[in-house]
>>> print(open('input-v2.tsv').read())   # TSV, C-alpha atoms
chain	number	residue	atom	x	y	z
A	2	MET	CA	29.63	33.07	12.92
A	3	GLU	CA	26.25	31.97	14.26
A	4	VAL	CA	24.92	31.65	10.72
A	5	ILE	CA	27.79	29.32	9.84
A	6	ILE	CA	27.14	27.19	12.92
A	7	ILE	CA	23.46	26.96	12.04
A	8	MET	CA	24.36	26.00	8.47
A	9	ILE	CA	26.73	23.28	9.67
A	10	LYS	CA	24.07	21.96	12.03
A	11	MET	CA	21.52	21.95	9.21
A	12	GLN	CA	23.98	20.16	6.93
A	13	ASN	CA	24.62	17.50	9.58
A	14	PHE	CA	20.89	17.15	10.18
A	15	PHE	CA	20.13	16.52	6.50
A	16	ARG	CA	23.04	14.07	6.24
A	17	LYS	CA	21.23	11.65	8.56
A	18	PRO	CA	19.82	8.69	6.60
A	19	LYS	CA	16.54	8.76	8.54
A	20	ILE	CA	15.98	12.40	7.63
A	21	LYS	CA	16.72	11.65	3.98
A	22	LEU	CA	14.28	8.76	4.12
A	23	LEU	CA	11.62	10.95	5.74
A	24	LEU	CA	12.10	13.53	2.99
A	25	LEU	CA	11.79	10.81	0.34
A	26	LEU	CA	8.54	9.61	1.92
A	27	CYS	CA	7.24	13.21	2.02
A	28	VAL	CA	8.05	13.64	-1.68
A	29	LEU	CA	6.19	10.42	-2.53
A	30	ALA	CA	3.18	11.56	-0.48
A	31	VAL	CA	3.12	14.93	-2.26
A	32	ILE	CA	3.35	13.27	-5.70
A	33	ALA	CA	0.49	10.93	-4.81
A	34	LEU	CA	-1.62	13.88	-3.66
A	35	LEU	CA	-0.83	15.87	-6.79
A	36	THR	CA	-1.74	12.94	-9.05
A	37	ASP	CA	-5.35	12.98	-7.88
A	38	TYR	CA	-5.42	11.27	-4.50
A	39	ASN	CA	-7.86	13.15	-2.32
A	40	ILE	CA	-6.03	15.06	0.39
A	41	SER	CA	-8.99	14.90	2.77
A	42	ASN	CA	-8.77	11.08	2.68
A	43	CYS	CA	-4.97	10.86	2.88
A	44	TRP	CA	-4.08	13.52	5.44
A	45	PRO	CA	-5.85	11.83	8.39
A	46	LEU	CA	-4.12	8.51	7.60
A	47	LEU	CA	-0.67	10.07	7.72
A	48	THR	CA	-1.41	12.22	10.79
A	49	VAL	CA	-2.82	9.35	12.84
A	50	SER	CA	-0.08	6.91	11.82
A	51	ILE	CA	2.78	9.29	12.59
A	52	ALA	CA	1.23	10.61	15.83
A	53	ALA	CA	0.39	7.10	17.08
A	54	SER	CA	3.89	5.86	16.26
A	55	ILE	CA	5.62	8.75	18.06
A	56	PHE	CA	3.26	8.49	21.04
A	57	THR	CA	3.89	4.72	21.33
A	58	GLN	CA	7.63	5.34	21.03
A	59	MET	CA	7.43	7.77	23.97
A	60	LEU	CA	5.31	5.31	25.94
A	61	PHE	CA	7.73	2.40	25.57
A	62	PHE	CA	11.10	4.10	25.19
A	63	GLY	CA	10.78	7.48	26.90
A	64	THR	CA	11.76	10.81	25.39
A	65	ASN	CA	15.55	10.55	25.42
A	66	SER	CA	16.67	10.26	21.82
A	67	SER	CA	15.63	12.36	18.81
A	68	SER	CA	16.89	9.55	16.57
A	69	SER	CA	14.28	7.15	17.94
A	70	PHE	CA	11.57	9.73	17.18
A	71	GLN	CA	12.82	9.88	13.62
A	72	SER	CA	12.57	6.07	13.42
A	73	ALA	CA	9.04	6.20	14.78
A	74	ALA	CA	8.11	8.92	12.28
A	75	VAL	CA	9.50	6.79	9.41
A	76	THR	CA	7.49	3.78	10.60
A	77	GLY	CA	4.32	5.87	10.95
A	78	MET	CA	4.81	7.48	7.57
A	79	ILE	CA	5.30	4.11	5.84
A	80	ILE	CA	2.13	2.76	7.47
A	81	GLY	CA	0.18	5.88	6.45
A	82	LEU	CA	1.44	5.61	2.87
A	83	LEU	CA	0.37	1.97	2.53
A	84	ILE	CA	-3.13	1.91	4.03
A	85	ALA	CA	-5.79	2.82	1.48
A	86	PRO	CA	-7.19	6.37	1.69
A	87	GLY	CA	-10.65	6.40	3.25
A	88	SER	CA	-9.93	3.38	5.48
A	89	ASN	CA	-10.98	3.41	9.12
A	90	LEU	CA	-8.37	5.33	11.12
A	91	LEU	CA	-8.47	2.62	13.78
A	92	ILE	CA	-6.50	0.46	11.33
A	93	CYS	CA	-3.68	3.06	11.26
A	94	LEU	CA	-3.82	3.37	15.02
A	95	ILE	CA	-3.54	-0.38	15.67
A	96	ALA	CA	-0.91	-0.88	12.96
A	97	SER	CA	1.26	1.96	14.32
A	98	PHE	CA	0.87	0.90	17.94
A	99	THR	CA	1.74	-2.76	17.28
A	100	ALA	CA	4.61	-1.73	14.99
A	101	ILE	CA	6.36	0.30	17.69
A	102	ALA	CA	5.34	-2.03	20.53
A	103	SER	CA	6.98	-4.93	18.66
A	104	LYS	CA	10.32	-3.08	18.97
A	105	LYS	CA	10.02	-3.33	22.75
A	106	ILE	CA	8.29	-6.67	23.15
A	107	ILE	CA	9.64	-8.97	20.40
A	108	VAL	CA	13.37	-8.68	20.95
A	109	TYR	CA	16.40	-10.92	21.27
A	110	ARG	CA	19.79	-10.37	22.92
A	111	LYS	CA	20.94	-6.79	23.40
A	112	ASN	CA	17.29	-5.73	23.12
A	113	LYS	CA	17.42	-5.78	19.32
A	114	HIS	CA	13.99	-6.04	17.74
A	115	ILE	CA	13.41	-8.93	15.35
A	116	PHE	CA	10.73	-7.80	12.93
A	117	ASN	CA	10.53	-4.85	10.58
A	118	PRO	CA	8.16	-2.67	12.66
A	119	ALA	CA	6.01	-1.28	9.82
A	120	ALA	CA	5.60	-4.71	8.18
A	121	PHE	CA	4.72	-6.28	11.55
A	122	GLY	CA	2.11	-3.62	12.38
A	123	LEU	CA	0.53	-3.85	8.93
A	124	ILE	CA	0.34	-7.65	8.98
A	125	ILE	CA	-1.29	-7.56	12.44
A	126	SER	CA	-3.81	-4.99	11.18
A	127	LEU	CA	-4.44	-7.21	8.16
A	128	PHE	CA	-5.29	-10.14	10.45
A	129	ILE	CA	-7.68	-7.99	12.49
A	130	PHE	CA	-9.38	-5.84	9.84
A	131	GLY	CA	-8.70	-7.59	6.52
A	132	ASN	CA	-6.49	-6.20	3.78
A	133	HIS	CA	-6.78	-2.40	3.55
A	134	ILE	CA	-3.34	-1.91	1.99
A	135	ASN	CA	-3.04	-0.36	-1.47
A	136	TRP	CA	0.50	1.13	-1.42
A	137	TRP	CA	-0.79	4.58	-2.46
A	138	GLY	CA	2.55	6.11	-1.46
A	139	ASN	CA	4.28	4.07	-4.17
A	140	SER	CA	3.62	7.03	-6.43
A	141	SER	CA	6.84	7.35	-8.44
A	142	PHE	CA	9.08	4.39	-9.10
A	143	ILE	CA	11.67	6.68	-10.72
A	144	ILE	CA	12.07	8.73	-7.53
A	145	VAL	CA	12.08	5.58	-5.40
A	146	ILE	CA	14.91	4.16	-7.53
A	147	ILE	CA	16.97	7.37	-7.76
A	148	ILE	CA	16.63	8.81	-4.23
A	149	GLY	CA	16.08	5.46	-2.50
A	150	GLY	CA	19.00	4.01	-4.44
A	151	PHE	CA	21.21	6.94	-3.44
A	152	ILE	CA	20.36	6.51	0.26
A	153	LEU	CA	21.03	2.77	0.08
A	154	PHE	CA	24.27	3.32	-1.83
A	155	ARG	CA	25.54	5.60	0.94
A	156	LEU	CA	24.57	2.99	3.52
A	157	ASN	CA	26.13	0.08	1.57
A	158	ARG	CA	22.75	-1.63	1.36
A	159	LEU	CA	21.99	-1.66	-2.36
A	160	SER	CA	22.36	-5.46	-2.41
A	161	PHE	CA	18.88	-5.80	-0.88
A	162	PRO	CA	16.77	-4.41	-3.75
A	163	PHE	CA	19.01	-6.03	-6.37
A	164	SER	CA	18.88	-9.52	-4.86
A	165	TYR	CA	15.15	-9.20	-4.12
A	166	PHE	CA	14.47	-8.01	-7.68
A	167	ILE	CA	16.52	-10.76	-9.36
A	168	PHE	CA	15.11	-13.63	-7.30
A	169	ARG	CA	11.55	-12.28	-7.48
A	170	ILE	CA	11.72	-12.26	-11.30
A	171	ILE	CA	13.42	-15.69	-11.50
A	172	SER	CA	10.96	-17.32	-9.11
A	173	ALA	CA	7.98	-15.69	-10.87
A	174	SER	CA	9.22	-17.02	-14.21
A	175	ILE	CA	9.67	-20.53	-12.77
A	176	LEU	CA	6.32	-20.56	-11.00
A	177	MET	CA	4.31	-19.13	-13.89
A	178	GLY	CA	6.30	-20.43	-16.82
A	179	LEU	CA	9.45	-19.02	-18.36
A	180	GLY	CA	8.74	-16.29	-20.85
A	181	SER	CA	5.21	-15.94	-19.61
A	182	PHE	CA	3.77	-12.53	-20.35
A	183	ILE	CA	2.07	-12.57	-16.99
A	184	SER	CA	5.33	-13.01	-15.07
A	185	LEU	CA	6.77	-10.01	-16.90
A	186	LEU	CA	3.78	-7.94	-15.88
A	187	LEU	CA	4.28	-8.89	-12.24
A	188	LEU	CA	7.01	-6.34	-11.70
A	189	PRO	CA	8.38	-6.24	-8.18
A	190	ASN	CA	7.31	-3.68	-5.65
A	191	LEU	CA	10.07	-1.06	-5.68
A	192	PHE	CA	8.77	0.89	-2.68
A	193	PHE	CA	9.07	-2.31	-0.70
A	194	ALA	CA	12.49	-3.21	-2.12
A	195	PHE	CA	14.13	0.21	-1.69
A	196	ILE	CA	12.41	1.52	1.45
A	197	MET	CA	11.09	-1.29	3.64
A	198	LEU	CA	13.32	-4.28	2.94
A	199	PRO	CA	16.72	-2.73	3.88
A	200	GLU	CA	15.68	-1.49	7.36
A	201	PRO	CA	19.12	-1.48	9.10
A	202	LYS	CA	18.19	-2.88	12.51
A	203	THR	CA	16.45	-6.02	11.29
A	204	THR	CA	18.69	-6.95	8.35
A	205	PRO	CA	22.29	-8.14	7.97
A	206	GLY	CA	25.10	-5.63	7.47
A	207	LYS	CA	27.48	-7.67	5.30
A	208	ARG	CA	27.12	-8.04	1.57
A	209	ILE	CA	26.73	-11.83	1.15
A	210	PRO	CA	24.14	-12.17	3.95
A	211	GLN	CA	22.34	-9.19	2.38
A	212	TRP	CA	22.13	-11.06	-0.95
A	213	ILE	CA	20.87	-14.20	0.80
A	214	PHE	CA	18.34	-12.16	2.80
A	215	GLY	CA	17.01	-10.25	-0.23
A	216	GLY	CA	17.00	-13.37	-2.44
A	217	ILE	CA	15.04	-15.49	0.03
A	218	CYS	CA	12.63	-12.60	0.53
A	219	GLY	CA	12.07	-12.37	-3.25
A	220	ILE	CA	11.39	-16.11	-3.57
A	221	LEU	CA	9.05	-16.17	-0.56
A	222	ALA	CA	7.19	-13.07	-1.78
A	223	THR	CA	6.57	-14.63	-5.21
A	224	THR	CA	5.38	-17.85	-3.60
A	225	ALA	CA	3.07	-16.01	-1.20
A	226	TYR	CA	1.58	-13.81	-3.96
A	227	TYR	CA	1.02	-16.90	-6.10
A	228	PHE	CA	-0.79	-18.98	-3.49
A	229	ILE	CA	-2.40	-16.31	-1.27
A	230	PRO	CA	-2.56	-13.15	-3.42
A	231	GLU	CA	-4.81	-11.28	-0.99
A	232	PHE	CA	-2.23	-11.50	1.80
A	233	GLU	CA	0.50	-8.96	0.95
A	234	GLY	CA	3.24	-11.44	0.09
A	235	ASP	CA	6.06	-8.90	0.34
A	236	LEU	CA	5.31	-7.97	3.94
A	237	LEU	CA	4.73	-11.57	4.95
A	238	ALA	CA	7.99	-12.68	3.28
A	239	LEU	CA	9.90	-9.90	5.04
A	240	LEU	CA	8.66	-10.99	8.46
A	241	VAL	CA	9.66	-14.60	7.74
A	242	VAL	CA	13.14	-13.56	6.54
A	243	ASN	CA	13.57	-11.31	9.59
A	244	LEU	CA	13.91	-14.57	11.54
A	245	TYR	CA	17.04	-15.39	9.49
B	21	MET	CA	-18.61	14.76	-0.61
B	22	ALA	CA	-19.26	15.41	-4.30
B	23	SER	CA	-17.96	18.64	-5.81
B	24	LYS	CA	-19.99	20.76	-8.27
B	25	THR	CA	-18.23	19.13	-11.24
B	26	ILE	CA	-19.02	15.67	-9.93
B	27	ASP	CA	-22.64	16.69	-9.27
B	28	LYS	CA	-22.92	17.74	-12.91
B	29	GLU	CA	-21.29	14.48	-14.07
B	30	MET	CA	-23.65	12.46	-11.89
B	31	GLU	CA	-26.70	14.06	-13.54
B	32	HIS	CA	-25.80	12.44	-16.88
B	33	LEU	CA	-24.70	9.05	-15.63
B	34	LYS	CA	-26.42	5.81	-16.49
B	35	LEU	CA	-26.74	3.16	-13.85
B	36	SER	CA	-24.34	0.25	-14.32
B	37	GLY	CA	-25.55	-3.28	-15.12
B	38	GLU	CA	-29.14	-4.42	-14.87
B	39	ILE	CA	-31.71	-5.42	-12.27
B	40	VAL	CA	-31.95	-9.21	-11.88
B	41	GLU	CA	-34.46	-10.47	-9.31
B	42	GLY	CA	-34.39	-7.17	-7.41
B	43	ILE	CA	-30.59	-6.96	-7.27
B	44	ARG	CA	-28.39	-4.77	-9.48
B	45	PHE	CA	-26.04	-7.12	-11.31
B	46	VAL	CA	-22.86	-5.70	-12.87
B	47	ASN	CA	-20.03	-7.53	-14.63
B	48	PHE	CA	-16.99	-5.80	-13.16
B	49	ASN	CA	-13.61	-6.30	-14.84
B	50	THR	CA	-10.01	-5.36	-14.12
B	51	TYR	CA	-6.92	-4.89	-16.19
B	52	GLN	CA	-3.53	-3.43	-15.23
B	53	TYR	CA	-4.20	-0.72	-13.93
B	54	LYS	CA	-7.90	0.07	-14.26
B	55	PHE	CA	-11.38	-1.06	-13.34
B	56	SER	CA	-14.27	-1.37	-15.77
B	57	PRO	CA	-16.90	0.03	-15.68
B	58	ASP	CA	-15.43	3.18	-14.15
B	59	PRO	CA	-17.38	4.73	-12.57
B	60	LEU	CA	-19.52	1.93	-11.20
B	61	VAL	CA	-22.88	3.67	-10.85
B	62	VAL	CA	-25.52	2.42	-8.42
B	63	LEU	CA	-28.41	3.81	-6.39
B	64	ALA	CA	-28.13	4.64	-2.71
B	65	GLY	CA	-28.98	1.74	-0.42
B	66	GLU	CA	-29.60	-0.85	-3.15
B	67	GLN	CA	-28.31	-4.41	-3.20
B	68	VAL	CA	-25.48	-4.83	-5.71
B	69	GLU	CA	-24.03	-8.06	-7.07
B	70	LEU	CA	-20.73	-7.87	-8.94
B	71	GLY	CA	-19.41	-10.53	-11.31
B	72	LEU	CA	-15.70	-9.98	-10.74
B	73	GLN	CA	-13.06	-11.00	-13.24
B	74	SER	CA	-9.46	-10.05	-13.89
B	75	HIS	CA	-7.97	-10.30	-17.38
B	76	ASP	CA	-4.19	-10.12	-16.84
B	77	VAL	CA	-2.97	-10.75	-13.28
B	78	VAL	CA	-4.83	-11.30	-10.02
B	79	HIS	CA	-6.28	-8.04	-8.70
B	80	GLY	CA	-8.30	-7.09	-5.66
B	81	MET	CA	-11.16	-4.66	-5.21
B	82	MET	CA	-11.58	-2.60	-2.09
B	83	ILE	CA	-13.94	0.22	-1.16
B	84	PRO	CA	-12.50	1.35	2.20
B	85	GLU	CA	-15.33	3.72	3.14
B	86	ILE	CA	-17.87	0.90	3.19
B	87	ASP	CA	-15.37	-1.73	4.37
B	88	PHE	CA	-15.80	-3.89	1.27
B	89	SER	CA	-13.06	-5.99	-0.25
B	90	ALA	CA	-12.86	-8.97	-2.59
B	91	GLU	CA	-10.31	-10.80	-4.66
B	92	MET	CA	-10.69	-10.63	-8.45
B	93	PRO	CA	-9.67	-14.00	-9.88
B	94	LEU	CA	-7.78	-14.39	-13.12
B	95	ASN	CA	-9.84	-15.47	-16.15
B	96	LYS	CA	-12.82	-16.70	-14.16
B	97	ARG	CA	-15.78	-14.84	-12.76
B	98	SER	CA	-16.70	-14.78	-9.08
B	99	ASN	CA	-19.80	-13.12	-7.72
B	100	VAL	CA	-19.92	-10.96	-4.60
B	101	LYS	CA	-22.70	-8.87	-3.08
B	102	PHE	CA	-22.72	-5.64	-1.12
B	103	THR	CA	-25.19	-2.96	-0.15
B	104	ALA	CA	-24.56	0.46	-1.64
B	105	PRO	CA	-24.05	3.27	0.90
B	106	ASP	CA	-27.11	5.28	1.90
B	107	ASN	CA	-25.30	8.56	1.26
B	108	PRO	CA	-25.01	9.59	-2.40
B	109	GLY	CA	-21.51	10.56	-3.52
B	110	VAL	CA	-18.27	9.25	-4.93
B	111	TYR	CA	-16.41	6.47	-3.16
B	112	PRO	CA	-12.89	5.54	-4.31
B	113	ILE	CA	-12.19	1.95	-5.34
B	114	PHE	CA	-8.67	0.58	-4.98
B	115	CYS	CA	-6.84	-2.61	-5.85
B	116	ASN	CA	-5.63	-4.42	-2.74
B	117	VAL	CA	-3.66	-7.25	-4.34
B	118	TYR	CA	-0.22	-6.09	-5.46
B	119	CYS	CA	-0.38	-6.22	-9.26
B	120	GLY	CA	2.70	-4.39	-10.57
B	121	THR	CA	4.66	-1.16	-10.37
B	122	ASP	CA	1.65	1.09	-10.89
B	123	HIS	CA	-0.50	-0.77	-8.36
B	124	GLY	CA	-0.61	2.28	-6.07
B	125	ASN	CA	-2.25	4.32	-8.82
B	126	MET	CA	-4.91	1.76	-9.70
B	127	LYS	CA	-8.14	3.51	-8.82
B	128	GLY	CA	-11.79	3.44	-9.75
B	129	ARG	CA	-14.94	5.15	-8.52
B	130	LEU	CA	-18.19	3.94	-7.04
B	131	MET	CA	-20.78	6.62	-7.79
B	132	VAL	CA	-23.83	6.40	-5.61
B	133	LEU	CA	-26.84	8.28	-6.96
B	134	PRO	CA	-29.78	9.36	-4.81
B	135	LYS	CA	-32.68	6.94	-4.83
B	136	PRO	CA	-35.47	8.25	-7.10
B	137	THR	CA	-38.53	9.24	-5.10
B	138	HIS	CA	-40.97	7.71	-7.62
B	139	GLY	CA	-40.76	5.50	-10.73
B	140	SER	CA	-37.71	3.42	-11.53
B	141	ASN	CA	-34.53	3.90	-13.51
B	142	ASN	CA	-33.87	1.13	-16.01
B	143	HIS	CA	-30.88	2.55	-17.81
B	144	HIS	CA	-28.18	0.04	-18.58
B	145	ASP	CA	-24.55	0.41	-19.54
>>> encode(input="input-v2.tsv", output="structure tokens")
Amino acid sequence: MEVIIIMIKMQNFFRKPKIKLLLLLCVLAVIALLTDYNISNCWPLLTVSIAASIFTQMLFFGTNSSSSFQSAAVTGMIIGLLIAPGSNLLICLIASFTAIASKKIIVYRKNKHIFNPAAFGLIISLFIFGNHINWWGNSSFIIVIIIGGFILFRLNRLSFPFSYFIFRIISASILMGLGSFISLLLLPNLFFAFIMLPEPKTTPGKRIPQWIFGGICGILATTAYYFIPEFEGDLLALLVVNLY
Amino acid sequence: MASKTIDKEMEHLKLSGEIVEGIRFVNFNTYQYKFSPDPLVVLAGEQVELGLQSHDVVHGMMIPEIDFSAEMPLNKRSNVKFTAPDNPGVYPIFCNVYCGTDHGNMKGRLMVLPKPTHGSNNHHD
């Protein structure tokens, strides 16, 4: 009987979207490490980002909910998977702290935070330290599409990557010339589209607003990459669209 | 930092570029998703000037361990300078301007060789 109860609890645990997302991020980290990223450079980034995020979560929100720890772990893991291996760990620390702090400080009615925490923390770190982001965790676009797509399908949020993808390609073709080989090479960032963009608390829940949100984000990202390529257009575009 | 295999590789490496007015000058190019030359080989502590150019889309070049980063413009060359680290070894180079789906795997290596105690090394690529 106890075994059955434990199994049911385990099943319920792994049904949670945040746990699935954490597992996806772990798989991407492992793939990146197996395909010749140096573990001694990557491990500290992930450890510091996750620990700093969870600590900041406890500092601002207390220790009540396990769900909020899972959110903090997701934020920390995303930050750790984006900052280039070998970078100063202070960058991870500041990015993680500002990411979680923004959930407490930059809020509107009902204490809902406005900005995607990971994107906010990373953009702040970019202003302070320069761009140290290389998206090393974006190690397998096939897994991002399959597992990320499955998670989003279950959450009814697949409109985000689709609309982002379509409008990113259209705007790139317009800006750089239709049929341009270069615009075809500028394939959208799938890690961003499937993992960061659809964050439930800072994005709309209904389908048409999701399409508008993703579409505007795609257009803004293309524009930002075109005019200020060194400035992580995707993250910047997401923060702007979060105001929508 | 360097493993035995890398130590062995480093023994047979030629220094990149050439010395121009006391500074090592290297034309450094990028394509989706690689850097050239790879590895970029320099001597510990020397002044390095890179002529950066991208040949397909805009790329970036970042060496996190020495806090160096620069944009690599498309179809035009821009020159940047940095001082090579004092510690010999291998330092990863990454692209820090999103350049396509395999951007996260775009890597190169800066190989820093120990400074020779006497004489000079004039090997070129």
>>> closest_residue(input="input-v2.tsv", among="A:Asn39, A:Gln12, A:Thr64, A:Ser97", to="chain B", atoms="all atoms listed in the file")
A:Asn39
>>> interface_residues(input="input-v2.tsv", of="chain B", to="chain A", cutoff="6 Å", atoms="only C-alpha atoms", output="VMD selection string")
chain B and resid 84 to 85 116 to 117 120 to 121 124
>>> closest_residue(input="input-v2.tsv", among="A:Ala119, A:Ala52, A:Lys207, A:Leu22", to="Phe195 (chain A)", atoms="all atoms listed in the file")
A:Leu22
>>> closest_residue(input="input-v2.tsv", among="A:Leu25, A:Leu127, A:Ala225, A:Ile152", to="Tyr118 (chain B)", atoms="all atoms listed in the file")
A:Ala225
>>> atom_distance(input="input-v2.tsv", atom1="CA of Glu41 (chain B)", atom2="CA of Pro112 (chain B)")
27.3 Å
>>> atom_distance(input="input-v2.tsv", atom1="CA of Phe62 (chain A)", atom2="CA of Tyr109 (chain A)")
16.4 Å
>>> residues_near_point(input="input-v2.tsv", point="(-6.3, -5.1, -12.0)", cutoff="10 Å", atoms="all atoms listed in the file", output="PyMOL selection string")
chain B and resi 49-56+73-81+92-94+114-120+123+126-127
>>> write_last_selection(input="input-v2.tsv", atoms="C-alpha atoms", output="mmCIF file, in the coordinates of the input")
data_model
loop_
_atom_site.group_PDB
_atom_site.id
_atom_site.type_symbol
_atom_site.label_atom_id
_atom_site.label_comp_id
_atom_site.auth_asym_id
_atom_site.auth_seq_id
_atom_site.Cartn_x
_atom_site.Cartn_y
_atom_site.Cartn_z
ATOM 1 C CA ASN B 49 -13.610 -6.300 -14.840
ATOM 2 C CA THR B 50 -10.010 -5.360 -14.120
ATOM 3 C CA TYR B 51 -6.920 -4.890 -16.190
ATOM 4 C CA GLN B 52 -3.530 -3.430 -15.230
ATOM 5 C CA TYR B 53 -4.200 -0.720 -13.930
ATOM 6 C CA LYS B 54 -7.900 0.070 -14.260
ATOM 7 C CA PHE B 55 -11.380 -1.060 -13.340
ATOM 8 C CA SER B 56 -14.270 -1.370 -15.770
ATOM 9 C CA GLN B 73 -13.060 -11.000 -13.240
ATOM 10 C CA SER B 74 -9.460 -10.050 -13.890
ATOM 11 C CA HIS B 75 -7.970 -10.300 -17.380
ATOM 12 C CA ASP B 76 -4.190 -10.120 -16.840
ATOM 13 C CA VAL B 77 -2.970 -10.750 -13.280
ATOM 14 C CA VAL B 78 -4.830 -11.300 -10.020
ATOM 15 C CA HIS B 79 -6.280 -8.040 -8.700
ATOM 16 C CA GLY B 80 -8.300 -7.090 -5.660
ATOM 17 C CA MET B 81 -11.160 -4.660 -5.210
ATOM 18 C CA MET B 92 -10.690 -10.630 -8.450
ATOM 19 C CA PRO B 93 -9.670 -14.000 -9.880
ATOM 20 C CA LEU B 94 -7.780 -14.390 -13.120
ATOM 21 C CA PHE B 114 -8.670 0.580 -4.980
ATOM 22 C CA CYS B 115 -6.840 -2.610 -5.850
ATOM 23 C CA ASN B 116 -5.630 -4.420 -2.740
ATOM 24 C CA VAL B 117 -3.660 -7.250 -4.340
ATOM 25 C CA TYR B 118 -0.220 -6.090 -5.460
ATOM 26 C CA CYS B 119 -0.380 -6.220 -9.260
ATOM 27 C CA GLY B 120 2.700 -4.390 -10.570
ATOM 28 C CA HIS B 123 -0.500 -0.770 -8.360
ATOM 29 C CA MET B 126 -4.910 1.760 -9.700
ATOM 30 C CA LYS B 127 -8.140 3.510 -8.820
#
>>> residues_around(input="input-v2.tsv", residues="Glu69 (chain B)", least_positions_apart="6", cutoff="9 Å", atoms="only C-alpha atoms", output="number ranges by chain")
B: 43-47, 99-103
>>> decode(input="input-v2.tsv", residues="region 125-179 of chain A", atoms="C-alpha atoms", output="compact mmCIF listing (two decimals), in the first residue's frame")
# COMPACT_ATOMS: atom_id res chain seq x y z
CA ILE A 125 20.65 43.88 -15.97
CA SER A 126 23.87 41.82 -15.84
CA LEU A 127 24.50 42.73 -19.48
CA PHE A 128 24.26 46.45 -18.63
CA ILE A 129 26.68 46.04 -15.71
CA PHE A 130 29.25 43.56 -17.07
CA GLY A 131 28.78 43.59 -20.86
CA ASN A 132 27.45 40.67 -22.87
CA HIS A 133 28.61 37.33 -21.43
CA ILE A 134 25.69 35.34 -22.83
CA ASN A 135 26.34 32.52 -25.30
CA TRP A 136 23.28 30.25 -24.84
CA TRP A 137 25.46 27.18 -24.21
CA GLY A 138 22.43 25.32 -22.86
CA ASN A 139 20.78 25.55 -26.28
CA SER A 140 22.47 22.24 -27.00
CA SER A 141 19.80 20.27 -28.88
CA PHE A 142 17.10 21.98 -30.88
CA ILE A 143 15.41 18.62 -31.51
CA ILE A 144 14.94 17.98 -27.78
CA VAL A 145 13.85 21.58 -27.23
CA ILE A 146 11.19 21.20 -29.93
CA ILE A 147 9.97 17.73 -28.88
CA ILE A 148 10.00 17.97 -25.06
CA GLY A 149 9.49 21.74 -24.91
CA GLY A 150 6.70 21.44 -27.47
CA PHE A 151 5.06 18.66 -25.44
CA ILE A 152 5.14 20.74 -22.24
CA LEU A 153 3.69 23.76 -24.05
CA PHE A 154 1.03 21.63 -25.74
CA ARG A 155 -0.16 20.38 -22.34
CA LEU A 156 -0.25 23.97 -21.08
CA ASN A 157 -2.06 25.30 -24.18
CA ARG A 158 0.84 27.64 -24.90
CA LEU A 159 2.20 26.40 -28.21
CA SER A 160 1.01 29.60 -29.91
CA PHE A 161 4.00 31.47 -28.47
CA PRO A 162 6.83 29.69 -30.32
CA PHE A 163 4.77 29.45 -33.52
CA SER A 164 3.86 33.13 -33.65
CA TYR A 165 7.38 34.18 -32.62
CA PHE A 166 8.92 31.91 -35.27
CA ILE A 167 6.62 33.08 -38.09
CA PHE A 168 6.98 36.80 -37.38
CA ARG A 169 10.72 36.52 -36.74
CA ILE A 170 11.22 34.94 -40.18
CA ILE A 171 8.86 37.39 -41.94
CA SER A 172 10.45 40.45 -40.34
CA ALA A 173 13.97 39.15 -41.04
CA SER A 174 13.06 38.63 -44.69
CA ILE A 175 11.60 42.16 -44.94
CA LEU A 176 14.49 43.81 -43.15
CA MET A 177 17.25 41.96 -45.01
CA GLY A 178 15.55 41.38 -48.33
CA LEU A 179 13.11 38.67 -49.31
